[in-house]
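Asker: Below: one structure in structure tokens.
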Amino acid sequence: MKSIIPSLWFSDNNCEEAIHYYVSVFPNSTVDSIAYYPDESLDEHFANMANKVITAEFTLNNQRFIGLDGGPTFRFNEAISFTIECANQAEIDYYWDKLSHVAEAEQCGWVKDKFGLSWQIIPDNLGELLTTDSKIQAMMTMKKIIIDDLIKA
């Protein structure tokens, strides 16, 4: 097996917008290819999908992804998320500012972006920071994780 590649179904037909946004957020990222649905006059199965993304390949921080415009049948939910391990508070702040778009979805380092995808933005040493009950309780009250507050708890 070569690798596991996450595949993202964009339900609001905004795959191309999303991948260009993600590529602008993450280092070592590229849009590798985009193919579009053909004109619906060729096949009734493509009704209302002309010029939407049938498949896109892109790389975020050296991790390959596939995306497509699939329509509203399936939507992202919190059952699947991507974790961003950050080296310091500045990285946490950067990704939080770029990806947090739904305030009511924020908790314990979790955010939801403007495309509905969930992300966990955490320090890369979170396990070391959560060594006591008081530190765990402190994290449970946080939206964005603040490393200094965990150290002090």
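FYI, nothing fancy with the structure tokens labels: chains A, B, ... in order, residues from 1 per chain, ligands from 1 as they appear.
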With DSSP run on the backbone, what are the helix (DSSP H, G or I) residues within stretch 77-142 of chain A? I'd like them as a ChimeraX atom specification.
Answerer: /A:89-99,103-105,126-129,133-141
Asker: Taking the chain letters and numbering used in this document, name the residues of stretch 31-86 of chain A that DSSP puts in strand (DSSP E), as a PyMOL selection string.
Answerer: chain A and resi 31-36+53-60+63-69+81-86
Asker: Print the selection's residues with C-alpha atoms to a file, as a CSV table (one decimal), in the first residue's frame.
Answerer:
```csv
chain,number,residue,atom,x,y,z
A,31,VAL,CA,-3.0,22.4,-6.0
A,32,ASP,CA,-1.9,19.4,-8.1
A,33,SER,CA,-4.7,18.9,-10.5
A,34,ILE,CA,-8.4,19.9,-11.0
A,35,ALA,CA,-10.8,18.1,-13.4
A,36,TYR,CA,-14.3,19.4,-14.0
A,53,VAL,CA,-15.0,19.9,-9.6
A,54,ILE,CA,-15.3,16.2,-10.4
A,55,THR,CA,-11.9,15.5,-8.8
A,56,ALA,CA,-9.1,17.6,-7.5
A,57,GLU,CA,-5.8,16.5,-6.1
A,58,PHE,CA,-4.0,18.8,-3.7
A,59,THR,CA,-1.3,18.7,-1.0
A,60,LEU,CA,-1.4,20.3,2.4
A,63,GLN,CA,-0.1,15.3,2.9
A,64,ARG,CA,-2.0,14.4,-0.3
A,65,PHE,CA,-5.8,15.0,-0.4
A,66,ILE,CA,-8.5,14.4,-3.0
A,67,GLY,CA,-11.6,16.7,-3.2
A,68,LEU,CA,-14.8,17.0,-5.2
A,69,ASP,CA,-18.0,18.9,-5.6
A,81,SER,CA,-11.6,16.1,11.9
A,82,PHE,CA,-8.0,16.9,11.1
A,83,THR,CA,-5.4,17.6,13.9
A,84,ILE,CA,-2.8,20.3,13.6
A,85,GLU,CA,0.0,19.8,16.0
A,86,CYS,CA,1.6,23.1,16.7
```
Asker: For atom CA of A:Ser11 and atom CA of A:Asp97, determine how far apart the two atoms are, in Å to one decimal place.
Answerer: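 Going from atom CA of A:Ser11 over to atom CA of A:Asp97 covers 23.7 Å.
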Asker: What's around stretch 143-149 of chain A at 7 Å? Count only C-alpha atoms, leave out sequence neighbours fewer than 5 positions away in its own chain, and write the answer as a PyMOL selection string.
Answerer: chain A and resi 89+106-109+122
Asker: Limited to all heavy atoms, could you put the picked residues into a file as an mmCIF file, in the first residue's frame?
Answerer:
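Result saved to selection.cif:
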```cif
data_model
loop_
_atom_site.group_PDB
_atom_site.id
_atom_site.type_symbol
_atom_site.label_atom_id
_atom_site.label_comp_id
_atom_site.auth_asym_id
_atom_site.auth_seq_id
_atom_site.Cartn_x
_atom_site.Cartn_y
_atom_site.Cartn_z
ATOM 1 N N GLN A 89 2.571 28.621 20.890
ATOM 2 C CA GLN A 89 1.321 29.386 20.916
ATOM 3 C C GLN A 89 1.126 30.208 19.650
ATOM 4 O O GLN A 89 0.003 30.362 19.170
ATOM 5 C CB GLN A 89 1.273 30.295 22.154
ATOM 6 C CG GLN A 89 -0.084 30.917 22.394
ATOM 7 C CD GLN A 89 -1.132 29.884 22.765
ATOM 8 O OE1 GLN A 89 -0.916 29.052 23.636
ATOM 9 N NE2 GLN A 89 -2.283 29.924 22.095
ATOM 10 N N GLU A 106 -16.449 25.896 18.715
ATOM 11 C CA GLU A 106 -15.134 25.937 19.367
ATOM 12 C C GLU A 106 -15.185 25.320 20.761
ATOM 13 O O GLU A 106 -16.035 25.678 21.572
ATOM 14 C CB GLU A 106 -14.659 27.389 19.486
ATOM 15 C CG GLU A 106 -14.450 28.065 18.164
ATOM 16 C CD GLU A 106 -14.141 29.551 18.306
ATOM 17 O OE1 GLU A 106 -14.203 30.087 19.423
ATOM 18 O OE2 GLU A 106 -13.855 30.168 17.266
ATOM 19 N N GLN A 107 -14.269 24.390 20.995
ATOM 20 C CA GLN A 107 -14.125 23.803 22.319
ATOM 21 C C GLN A 107 -12.866 22.959 22.351
ATOM 22 O O GLN A 107 -12.609 22.187 21.429
ATOM 23 C CB GLN A 107 -15.325 22.943 22.686
ATOM 24 C CG GLN A 107 -15.247 22.387 24.087
ATOM 25 C CD GLN A 107 -16.478 21.600 24.477
ATOM 26 O OE1 GLN A 107 -17.433 21.478 23.724
ATOM 27 N NE2 GLN A 107 -16.449 21.043 25.660
ATOM 28 N N CYS A 108 -12.074 23.124 23.407
ATOM 29 C CA CYS A 108 -10.897 22.284 23.662
ATOM 30 C C CYS A 108 -9.975 22.175 22.451
ATOM 31 O O CYS A 108 -9.427 21.111 22.164
ATOM 32 C CB CYS A 108 -11.312 20.892 24.101
ATOM 33 S SG CYS A 108 -12.343 20.849 25.566
ATOM 34 N N GLY A 109 -9.812 23.272 21.719
ATOM 35 C CA GLY A 109 -8.931 23.261 20.565
ATOM 36 C C GLY A 109 -9.595 22.901 19.253
ATOM 37 O O GLY A 109 -8.950 22.871 18.218
ATOM 38 N N ILE A 122 -3.877 21.943 18.316
ATOM 39 C CA ILE A 122 -3.355 21.600 19.643
ATOM 40 C C ILE A 122 -1.836 21.755 19.697
ATOM 41 O O ILE A 122 -1.166 21.693 18.664
ATOM 42 C CB ILE A 122 -3.734 20.152 20.023
ATOM 43 C CG1 ILE A 122 -3.112 19.146 19.038
ATOM 44 C CG2 ILE A 122 -5.250 19.982 20.086
ATOM 45 C CD1 ILE A 122 -3.210 17.706 19.475
#
```
Asker: May I have the residues within 10 Å of A:Ala138 as a list of chain:residue names, using only C-alpha atoms and disregarding those fewer than 2 positions away in the same chain?
Answerer: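 My list of contacting residues is A:Cys108, A:Leu130, A:Thr132, A:Asp133, A:Ser134, A:Lys135, A:Ile136, A:Met140, A:Thr141, A:Met142, A:Ile145, A:Ile146, A:Asp149, A:Leu150, A:Ile151, A:Lys152, A:Ala153.
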Asker: I'd like the neighbourhood of A:Asn88 as a list of chain:residue names, where a residue qualifies if any of its atoms comes within 7 Å (using only C-alpha atoms), though same-chain residues fewer than 3 positions away should be ignored.
Answerer: A:Glu91, A:Ile92, A:Pro123
Asker: Those residues with N, CA, C and O atoms, as an mmCIF file, in the first residue's frame please?
Answerer:
```cif
data_model
loop_
_atom_site.group_PDB
_atom_site.id
_atom_site.type_symbol
_atom_site.label_atom_id
_atom_site.label_comp_id
_atom_site.auth_asym_id
_atom_site.auth_seq_id
_atom_site.Cartn_x
_atom_site.Cartn_y
_atom_site.Cartn_z
ATOM 1 N N GLU A 91 1.886 29.409 16.610
ATOM 2 C CA GLU A 91 1.302 28.534 15.590
ATOM 3 C C GLU A 91 -0.169 28.255 15.888
ATOM 4 O O GLU A 91 -1.003 28.263 14.979
ATOM 5 N N ILE A 92 -0.488 28.002 17.151
ATOM 6 C CA ILE A 92 -1.886 27.785 17.522
ATOM 7 C C ILE A 92 -2.707 29.006 17.126
ATOM 8 O O ILE A 92 -3.767 28.887 16.506
ATOM 9 N N PRO A 123 -1.293 21.925 20.902
ATOM 10 C CA PRO A 123 0.167 21.895 21.030
ATOM 11 C C PRO A 123 0.679 20.483 20.766
ATOM 12 O O PRO A 123 0.010 19.506 21.113
#
```
Asker: Please provide the set of residues having any atom within 8 Å of A:Asn14, restricted to only C-alpha atoms, with same-chain residues fewer than 4 positions apart removed, written as a PyMOL selection string.
Answerer: chain A and resi 10+18+69+115
Asker: Those same residues, written as a compact mmCIF listing (two decimals), in the first residue's frame with N, CA, C and O atoms?
Answerer:
```
# COMPACT_ATOMS: atom_id res chain seq x y z
N PHE A 10 -17.21 18.08 -0.94
CA PHE A 10 -17.71 19.42 -0.63
C PHE A 10 -19.15 19.51 -1.09
O PHE A 10 -19.46 19.42 -2.28
N ALA A 18 -12.27 26.06 -1.63
CA ALA A 18 -11.71 25.50 -0.39
C ALA A 18 -10.25 25.10 -0.56
O ALA A 18 -9.41 25.45 0.27
N ASP A 69 -16.69 18.28 -5.78
CA ASP A 69 -18.00 18.89 -5.56
C ASP A 69 -19.02 17.78 -5.72
O ASP A 69 -19.22 17.26 -6.82
N PHE A 115 -15.89 26.10 5.45
CA PHE A 115 -16.38 25.07 4.54
C PHE A 115 -17.04 23.92 5.29
O PHE A 115 -17.48 22.95 4.69
```
Asker: Which residues are close to A:Phe26, i.e. within 10 Å by only C-alpha atoms, leaving aside same-chain residues fewer than 5 positions away? Reply as a VMD selection string.
Answerer: chain A and resid 21 59 to 62 95 98
Asker: Would you work out the distance separating atom CA of A:His101 from atom CA of A:Pro27, expressed in Å to one decimal?
Answerer: 20.3 Å
Asker: Please determine, counting only C-alpha atoms, which residue among A:Ala50, A:Val25, A:Lys112, A:Ile19 has the shortest atom-to-atom distance to A:Tyr94.
Answerer: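 For A:Tyr94, the nearest of the candidates is A:Val25.
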Asker: Would you mind reading off the distance between atom CA of A:Asn13 and atom CA of A:Pro38, one decimal, in Å?
Answerer: 14.8 Å
